[in-house]
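Engineer: Just final_21.txt, nothing more (compact mmCIF, C-alpha atoms):
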# COMPACT_ATOMS: atom_id res chain seq x y z
CA MET A 8 106.09 97.14 86.02
CA ALA A 9 105.15 93.45 85.97
CA GLY A 10 107.79 91.24 84.44
CA HIS A 11 110.65 93.75 84.65
CA THR A 12 113.67 91.65 85.53
CA LEU A 13 117.27 90.86 84.66
CA PHE A 14 117.61 89.16 81.28
CA LEU A 15 119.08 85.68 81.60
CA ASP A 16 120.72 84.04 78.59
CA PRO A 17 118.38 81.17 77.59
CA ASP A 18 121.33 78.82 76.94
CA THR A 19 123.31 79.42 80.14
CA TRP A 20 120.67 80.95 82.46
CA ASP A 21 123.28 83.58 83.34
CA LEU A 22 123.40 87.37 83.22
CA THR A 23 124.18 89.05 79.91
CA LEU A 24 125.25 92.55 78.91
CA ASP A 25 123.27 95.04 76.86
CA ALA A 26 124.70 97.08 73.95
CA GLY A 27 125.98 99.75 76.38
CA GLY A 28 127.87 97.24 78.55
CA GLY A 29 125.36 97.28 81.42
CA ILE A 30 123.49 94.29 82.79
CA ALA A 31 120.68 93.48 80.34
CA THR A 32 117.07 93.63 81.53
CA THR A 33 113.79 92.50 80.02
CA SER A 34 110.15 93.27 80.63
CA GLU A 35 106.57 92.56 79.65
CA SER A 36 105.60 89.05 78.50
CA TYR A 37 109.19 87.76 78.09
CA GLY A 38 110.09 88.99 81.58
CA ILE A 39 106.97 87.42 83.05
CA ALA A 40 107.74 84.09 81.32
CA GLN A 41 111.32 84.20 82.62
CA ASN A 42 110.06 84.92 86.16
CA VAL A 43 107.68 81.94 85.90
CA ALA A 44 110.56 79.70 84.77
CA ASN A 45 112.56 80.88 87.79
CA ALA A 46 109.63 80.24 90.15
CA VAL A 47 109.19 76.68 88.87
CA ARG A 48 112.92 75.89 89.07
CA LEU A 49 113.26 77.20 92.63
CA PHE A 50 113.51 74.53 95.32
CA THR A 51 111.85 75.13 98.68
CA LYS A 52 114.33 76.70 101.14
CA ASP A 53 116.70 77.84 98.34
CA ALA A 54 115.57 81.49 98.40
CA PHE A 55 117.62 82.80 101.34
CA TYR A 56 115.33 85.75 102.14
CA ASN A 57 112.09 83.89 101.43
CA PRO A 58 112.65 80.17 102.12
CA ASP A 59 108.93 79.32 101.86
CA ARG A 60 108.95 80.07 98.13
CA GLY A 61 109.72 77.31 95.67
CA LEU A 62 108.57 73.80 94.96
CA PRO A 63 109.32 70.84 97.24
CA HIS A 64 111.06 68.91 94.45
CA PHE A 65 112.95 66.65 96.87
CA LEU A 66 109.73 65.62 98.61
CA MET A 67 107.80 64.93 95.39
CA GLU A 68 110.26 63.28 93.09
CA LEU A 69 112.89 61.34 94.97
CA GLY A 70 112.34 57.62 95.05
CA VAL A 71 108.70 57.52 93.94
CA ALA A 72 106.74 58.16 90.79
CA PRO A 73 105.14 61.57 91.30
CA ASP A 74 101.38 62.08 91.30
CA LEU A 75 101.17 64.25 88.17
CA SER A 76 98.02 66.05 89.29
CA VAL A 77 99.83 67.20 92.45
CA VAL A 78 102.89 68.26 90.45
CA ARG A 79 100.71 70.16 87.94
CA GLY A 80 98.95 71.93 90.81
CA ARG A 81 102.22 72.96 92.46
CA ILE A 82 103.67 74.22 89.18
CA ARG A 83 100.48 76.18 88.45
CA ARG A 84 100.49 77.78 91.92
CA ALA A 85 104.15 78.78 91.45
CA ALA A 86 103.31 80.32 88.07
CA MET A 87 100.27 82.15 89.45
CA SER A 88 102.40 83.65 92.24
CA VAL A 89 104.38 85.68 89.66
CA ASP A 90 103.35 89.31 89.17
CA GLY A 91 101.67 89.82 85.82
CA VAL A 92 100.24 86.29 85.46
CA ALA A 93 96.45 86.21 85.12
CA ASP A 94 96.11 82.49 84.40
CA ALA A 95 98.30 79.43 83.86
CA SER A 96 97.79 75.86 82.72
CA VAL A 97 100.34 73.06 82.92
CA ASP A 98 100.77 70.21 80.47
CA ILE A 99 103.26 67.51 81.49
CA THR A 100 104.21 65.61 78.34
CA GLY A 101 106.55 63.03 79.83
CA ILE A 102 109.09 61.93 82.40
CA THR A 103 112.22 60.19 81.17
CA ASN A 104 115.18 59.34 83.42
CA ARG A 105 113.76 61.61 86.16
CA VAL A 106 113.53 64.57 83.75
CA MET A 107 110.07 66.04 83.47
CA GLU A 108 109.05 67.72 80.23
CA GLY A 109 106.07 69.87 79.48
CA LYS A 110 104.72 73.33 78.95
CA ILE A 111 103.19 76.08 81.06
CA SER A 112 100.75 78.20 79.04
CA LEU A 113 100.43 81.66 80.59
CA THR A 114 97.99 84.47 80.10
CA THR A 115 99.42 87.78 81.28
CA ASP A 116 97.43 90.57 82.89
CA ALA A 117 97.73 92.36 79.53
CA GLY A 118 95.98 89.41 77.81
CA GLU A 119 99.06 88.08 76.01
CA THR A 120 99.65 84.33 75.90
CA VAL A 121 103.13 82.91 76.42
CA ASP A 122 104.37 79.31 76.61
CA VAL A 123 107.18 78.28 78.96
CA GLU A 124 108.63 74.88 78.17
CA PHE A 125 110.29 72.75 80.82
Here is a file; write its structure as structure tokens.

Structural biologist:
Amino acid sequence: MAGHTLFLDPDTWDLTLDAGGGIATTSESYGIAQNVANAVRLFTKDAFYNPDRGLPHFLMELGVAPDLSVVRGRIRRAAMSVDGVADASVDITGITNRVMEGKISLTTDAGETVDVEF
């Protein structure tokens, strides 16, 4: 099932427990959105078993102003690599003190639209 994943607390980005005391999971559009957020946050070489995944954040953002079209393209490719994503568009709204802000608008394979803010 696309989007079936562990539920991460939106405030701490850590595991949480369900009502029965087990590790909470999520699925469908919320799970897909969470997987996209993970894909965009992942640095290249940080995934031990798949070091080619992730974005080369250190190469793009350290010491130079990033080319926003390149950054948008990399974020979109990362989003599109997630199971269950049919389309994605990226809107970067600003960069302040090296913190990029924006939104990824997703369309799932089921036709639902979900926004992931960063």

Engineer: A:Ser36, A:Thr51, A:Thr103, A:Ser76: which is nearest A:Thr115, counting all atoms listed in the file?

Structural biologist: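 Comparing A:Ser36, A:Thr51, A:Thr103, A:Ser76 against A:Thr115, the winner is A:Ser36.
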
Engineer: Rounded to one decimal place, report the atom CA of A:Ala40-atom CA of A:Asn104 distance in Å.

Structural biologist: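 Between these atoms lies a distance of 25.9 Å.
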
Engineer: Would you work out the distance separating atom CA of A:Val43 from atom CA of A:Ala86, expressed in Å to one decimal?

Structural biologist: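 These atoms are spaced 5.1 Å apart.
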
Engineer: Just the residues within 9 Å of A:Glu108, please, counting only C-alpha atoms, with nothing from its chain fewer than 6 positions along; format it as a list of chain:residue names.

Structural biologist: A:Asp98, A:Ile99, A:Thr100, A:Gly101, A:Ile102, A:Glu124, A:Phe125

Engineer: Compare A:Val77, A:Val106, A:Ile82, A:Ala117 by their minimum atom-to-atom distance to A:Ile39, counting only C-alpha atoms, and give me the closest one.

Structural biologist: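 Ranked by minimum distance to A:Ile39, first place goes to A:Ala117.
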
Engineer: Between A:Leu15, A:Phe50, A:Ala44, A:Arg105, single out the one closest to A:Met87, counting only C-alpha atoms.

Structural biologist: A:Ala44

Engineer: Could you tell me how far atom CA of A:Phe14 sits from atom CA of A:Leu62, in Å to one decimal place?

Structural biologist: 22.5 Å
